[in-house]
Structures are given as C-alpha cells and as structure tokens.
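**Q** Handing you this structure, nothing more for now.
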Amino acid sequence: MTLVTLATNNVPVEDRNYTLQAVDGFATVPQRTFQVVSGPLIVGGRVVAPGSSAAARTFNCQLLIRPTSLTDRQAVLDDFVAQHGGLIEVSKVDAPTRVCYGVLTQATVAQPPGVASHPFARPESVIAGTITCDDPLYYARDPQLLNIAAGERRALTMGNAPLRRIQIVVFGAATNPTISLRDQTGTVVETMVLTGTLGATDYLTIDCGFALQGGRSITKSDGTDLLQAGWLSMPQTFFNPRPPMLNPTLESTAGAMRVQYVPAWWN
C-alpha cells in the first residue's frame, strides 16, 4: 500500500510518479493580525487597527522525478506545469478531507544531491515548487447540507476557523423572513431581516461568500438582485461565525431553508 504524502487536485504525488522529499507550510498557522484598540496608560496598548488579516499559506515542496530518459524528463516537466497551471487543491496525509487552494507561483529544476551537476548527465531531477494560497484556510472537501423547516433551529458544525462559506436558500411562500444566527448558548448574535414576499414557487439564495472568490449576494429565483431591491437593510450583514463561537444554529421565522456550508481550519 502506497502512503499518500501529499495530493494536488486530488491526485497523490505518488500517482504522478513523484517522490516527495520535503515540504513545509502544511501545518503552519499563518501570521494573523487582529483588530485592536489602544488603551490609555496600558502597557502594550496599540493604535486602532482597521481590521483583521492573515498572511498567505505557502507550500514549499521538493519532488524527485525519475524519468527513463532525457526526452522523458522533458515530458514529465511539461506535464507538471500543465497539471498545475490553474487553481490547485492541496491536501495532506494528516487530514485528507481538508483542502487548501492556491496557485503554483514558482518551480525550479535541479539535479538531485550526489548526481553530477551537468543537466545532461542523468535524467533524475528535483522539482522545487512553491504553491501560494492567498486564502490560508483548509476547507472540507465536501460541503455540508442542512434542510431546516420554518421555525426549526439546527446547528452548523464548525472547524477552528471562521465559517465564511455559507449559502442559504429560503423557499416560499414566505413574508418578511427573519434568519437568526445563535451561538452555543442560544444567544442571537446576528440576524438578517428580509423585507419582502416570496410566492409559493419562489425562492431566494443568500451567498455568504460560498464560492471561493464569490461576492456576497441575495438573489431571487427570477434573477432579481434583492440587495439592490432593498430587502436587506443596514446595518445587517452576511453571517460570518468565528471562534470562540462553537457550532452556531440557524433558524428562520418564515420559509423553509436549505443551508450549504463548508467548515474551515487554520491547520
């Protein structure tokens, strides 16, 4: 049985006939900056920071390839670049159902240690690649799905990172549905009051950044932009539960909901 050490786009590096020699960044918690407010005469007080941020996750990998010939080496290198030309899904043996998404930002090719340095001496080579994930979180590969009846309260299972990728579908008939997010104590921490009416065959979709690069939106089944139509008033915003909140619950006063979400982790 082959031990899967690392996978890109759900294909183990071993299946590509690579041997993983080194990798770092797979379990690192990237540097984070939290929003702070200065405290007068308090040691360590800082000026107001505008928000929170996190550095990118960087995977530095060394992959040994053993082509059968110099011509075959070129084919292997061409395949490596072709397979990693777009968005890359990276998973690890520690938690194979969690994936991080990035792009190959650099790759260099060199002779393995102990092999003559001349590039035409032998076909064996080491690919040193850097995969940069601007979003450093690991996400569950498979989204979770909940069906919630009107007035029912059900819990979302969280990892140890913010739960940003949530999509809520509210089905009609429903008038002025109010969706509430509660923490583990049952306290309401966020609400979305939607002012409008859905017919029996209507539904609306609330995208709390479900797509990796998706914006936040509320769209009716006929294509109407309900944010532009004023269904959500300020200062209400899209749900973004985060630790120390644990397994928050969602409920709606009107209209059944279908909730799709993706737990996330820092490491």
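Following the order of the structure tokens, chains are lettered A, B, ..., residues in each are numbered from 1, and ligands are numbered from 1.
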DSSP says strand (DSSP E) for which residues of range 98-219 of chain A? Put them as an NGL selection string?
**A** :A and (98-110 or 125-133 or 138-140 or 144-148 or 154-155 or 166-171 or 174-175 or 178-182 or 188-193 or 197-198 or 203-208 or 217-219)
**Q** Do a neighbour search on Thr157 in chain A at 9 Å with only C-alpha atoms, toss out local chain neighbours closer than 5 positions, and write the hits as number ranges by chain.
**A** A: 144, 246-248, 262-263
**Q** Write out as a PyMOL selection string which residues come within 10 Å of Leu64 in chain A when counting only C-alpha atoms, dropping same-chain ones fewer than 4 positions away.
**A** chain A and resi 17-22+109-112+124-128
**Q** Would you write out, as a tab-separated table, a table of all residues in range 108-202 of chain A that have an atom no more than 12 Å from an atom of range 223-238 of chain A, listing for each the closest atom pair and the distance in Å to one decimal, considering only C-alpha atoms and ordering rows by chain and rising residue number?
**A**
```
residue	atom	partner	partner_atom	distance
A:Leu163	CA	A:Phe238	CA	11.4
A:Arg164	CA	A:Phe238	CA	9.3
A:Arg165	CA	A:Phe238	CA	10.6
A:Ile166	CA	A:Phe238	CA	9.2
A:Gln167	CA	A:Phe238	CA	10.2
A:Ile168	CA	A:Phe238	CA	10.6
A:Thr175	CA	A:Trp231	CA	11.3
A:Asn176	CA	A:Trp231	CA	8.8
A:Pro177	CA	A:Trp231	CA	10.2
A:Thr178	CA	A:Leu232	CA	10.2
A:Ile179	CA	A:Phe238	CA	10.6
A:Ser180	CA	A:Phe238	CA	11.0
A:Leu181	CA	A:Phe238	CA	10.4
A:Val189	CA	A:Gln236	CA	11.3
A:Glu190	CA	A:Gln236	CA	7.9
A:Thr191	CA	A:Gln236	CA	6.9
A:Met192	CA	A:Gln236	CA	6.0
A:Val193	CA	A:Leu232	CA	6.3
A:Leu194	CA	A:Trp231	CA	5.1
A:Thr195	CA	A:Trp231	CA	4.7
A:Gly196	CA	A:Trp231	CA	6.2
A:Thr197	CA	A:Trp231	CA	9.6
A:Leu198	CA	A:Trp231	CA	11.5
A:Asp202	CA	A:Gly223	CA	10.8
```
**Q** Within 9 Å of Arg32 in chain A, counting only C-alpha atoms, which residues qualify if same-chain residues fewer than 3 places away don't, as a compact mmCIF listing (two decimals) with N, CA and C atoms, in the first residue's frame?
**A**
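Saved the output as result-v5.txt:
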```
# COMPACT_ATOMS: atom_id res chain seq x y z
N VAL A 29 0.24 27.66 11.20
CA VAL A 29 -0.83 28.65 11.35
C VAL A 29 -0.27 29.97 10.85
N SER A 52 -8.87 42.76 10.72
CA SER A 52 -8.06 41.57 10.92
C SER A 52 -7.62 41.02 9.57
N SER A 53 -6.46 40.41 9.55
CA SER A 53 -5.96 39.84 8.30
C SER A 53 -5.09 38.63 8.62
N ALA A 54 -4.79 37.85 7.61
CA ALA A 54 -3.92 36.69 7.76
C ALA A 54 -3.02 36.60 6.54
N ALA A 55 -1.79 36.18 6.78
CA ALA A 55 -0.83 36.01 5.69
C ALA A 55 -1.21 34.80 4.85
```
**Q** Looking at A:Ala264, A:Val188, A:Ile218, A:Val93, which one is nearest to Gly159 in chain A, with distances taken over only C-alpha atoms?
**A** A:Ala264
**Q** So how far away is CA of Val13 in chain A from CA of Thr97 in chain A, in Å?
**A**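 Computed distance, CA of Thr97 in chain A to CA of Val13 in chain A, equals 16.0 Å.
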**Q** Kindly give the distance, in Å, that separates CA of Pro136 in chain A and CA of Val99 in chain A, rounded to a single decimal.
**A**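 Going from CA of Pro136 in chain A over to CA of Val99 in chain A, I get 10.1 Å.
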**Q** Write out as a list of chain:residue names the residues lying within 9 Å of range 84-90 of chain A, counting only C-alpha atoms and excluding same-chain residues fewer than 2 positions away.
**A**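 Within the cut-off, the hits are A:Leu6, A:Ala7, A:Thr8, A:Asn9, A:Asn10, A:Asp79, A:Phe80, A:Val81, A:Ala82, A:Lys92, A:Arg98, A:Val99, A:Cys100, A:Tyr101, A:Gly102, A:Val103, A:Leu104, A:Ile131, A:Cys133, A:Tyr138.
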**Q** Write a file of the selected residues as a PDB file, in the first residue's frame, keeping C-alpha atoms.
**A**
```pdb
ATOM      1  CA  LEU A   6       0.593  14.994  -0.439  1.00  0.00           C
ATOM      2  CA  ALA A   7      -2.038  15.426  -3.145  1.00  0.00           C
ATOM      3  CA  THR A   8      -2.648  18.188  -5.662  1.00  0.00           C
ATOM      4  CA  ASN A   9      -6.039  18.440  -7.346  1.00  0.00           C
ATOM      5  CA  ASN A  10      -6.985  15.245  -5.506  1.00  0.00           C
ATOM      6  CA  ASP A  79       3.076  17.507 -17.564  1.00  0.00           C
ATOM      7  CA  PHE A  80       3.942  19.036 -14.177  1.00  0.00           C
ATOM      8  CA  VAL A  81       3.422  22.566 -15.480  1.00  0.00           C
ATOM      9  CA  ALA A  82       0.222  21.593 -17.321  1.00  0.00           C
ATOM     10  CA  LYS A  92      -2.153  16.168   3.097  1.00  0.00           C
ATOM     11  CA  ARG A  98      -9.349  19.076   4.204  1.00  0.00           C
ATOM     12  CA  VAL A  99      -8.043  21.088   1.265  1.00  0.00           C
ATOM     13  CA  CYS A 100      -6.311  24.412   0.745  1.00  0.00           C
ATOM     14  CA  TYR A 101      -6.467  26.296  -2.553  1.00  0.00           C
ATOM     15  CA  GLY A 102      -3.603  28.127  -4.229  1.00  0.00           C
ATOM     16  CA  VAL A 103      -1.512  28.580  -7.371  1.00  0.00           C
ATOM     17  CA  LEU A 104       1.948  27.442  -8.375  1.00  0.00           C
ATOM     18  CA  ILE A 131       2.334  26.908  -4.029  1.00  0.00           C
ATOM     19  CA  CYS A 133      -2.565  30.122  -1.048  1.00  0.00           C
ATOM     20  CA  TYR A 138      -8.144  24.490   4.903  1.00  0.00           C
TER      21      TYR A 138
END
```
**Q** Please compute the CA of Thr219 in chain A-CA of Pro243 in chain A distance, one decimal, in Å.
**A**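 Computed distance, CA of Thr219 in chain A to CA of Pro243 in chain A, equals 28.5 Å.
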**Q** Please, which residues of range 75-262 of chain A, numbered as in this document, come out helix (DSSP H, G or I) from DSSP, as a VMD selection string?
**A** chain A and resid 75 to 83
**Q** Measuring between only C-alpha atoms, which one of A:Arg216, A:Arg182, A:Arg242, A:Arg57 shows the shortest distance to Met158 in chain A?
**A**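 Residue with the minimum atom-to-atom distance to Met158 in chain A: A:Arg242.
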**Q** Which one is closest to Asn267 in chain A: A:Gln106, A:Gln83, A:Asn160, A:Thr130? Count only C-alpha atoms.
**A**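 Closest residue, counting only C-alpha atoms: A:Asn160.
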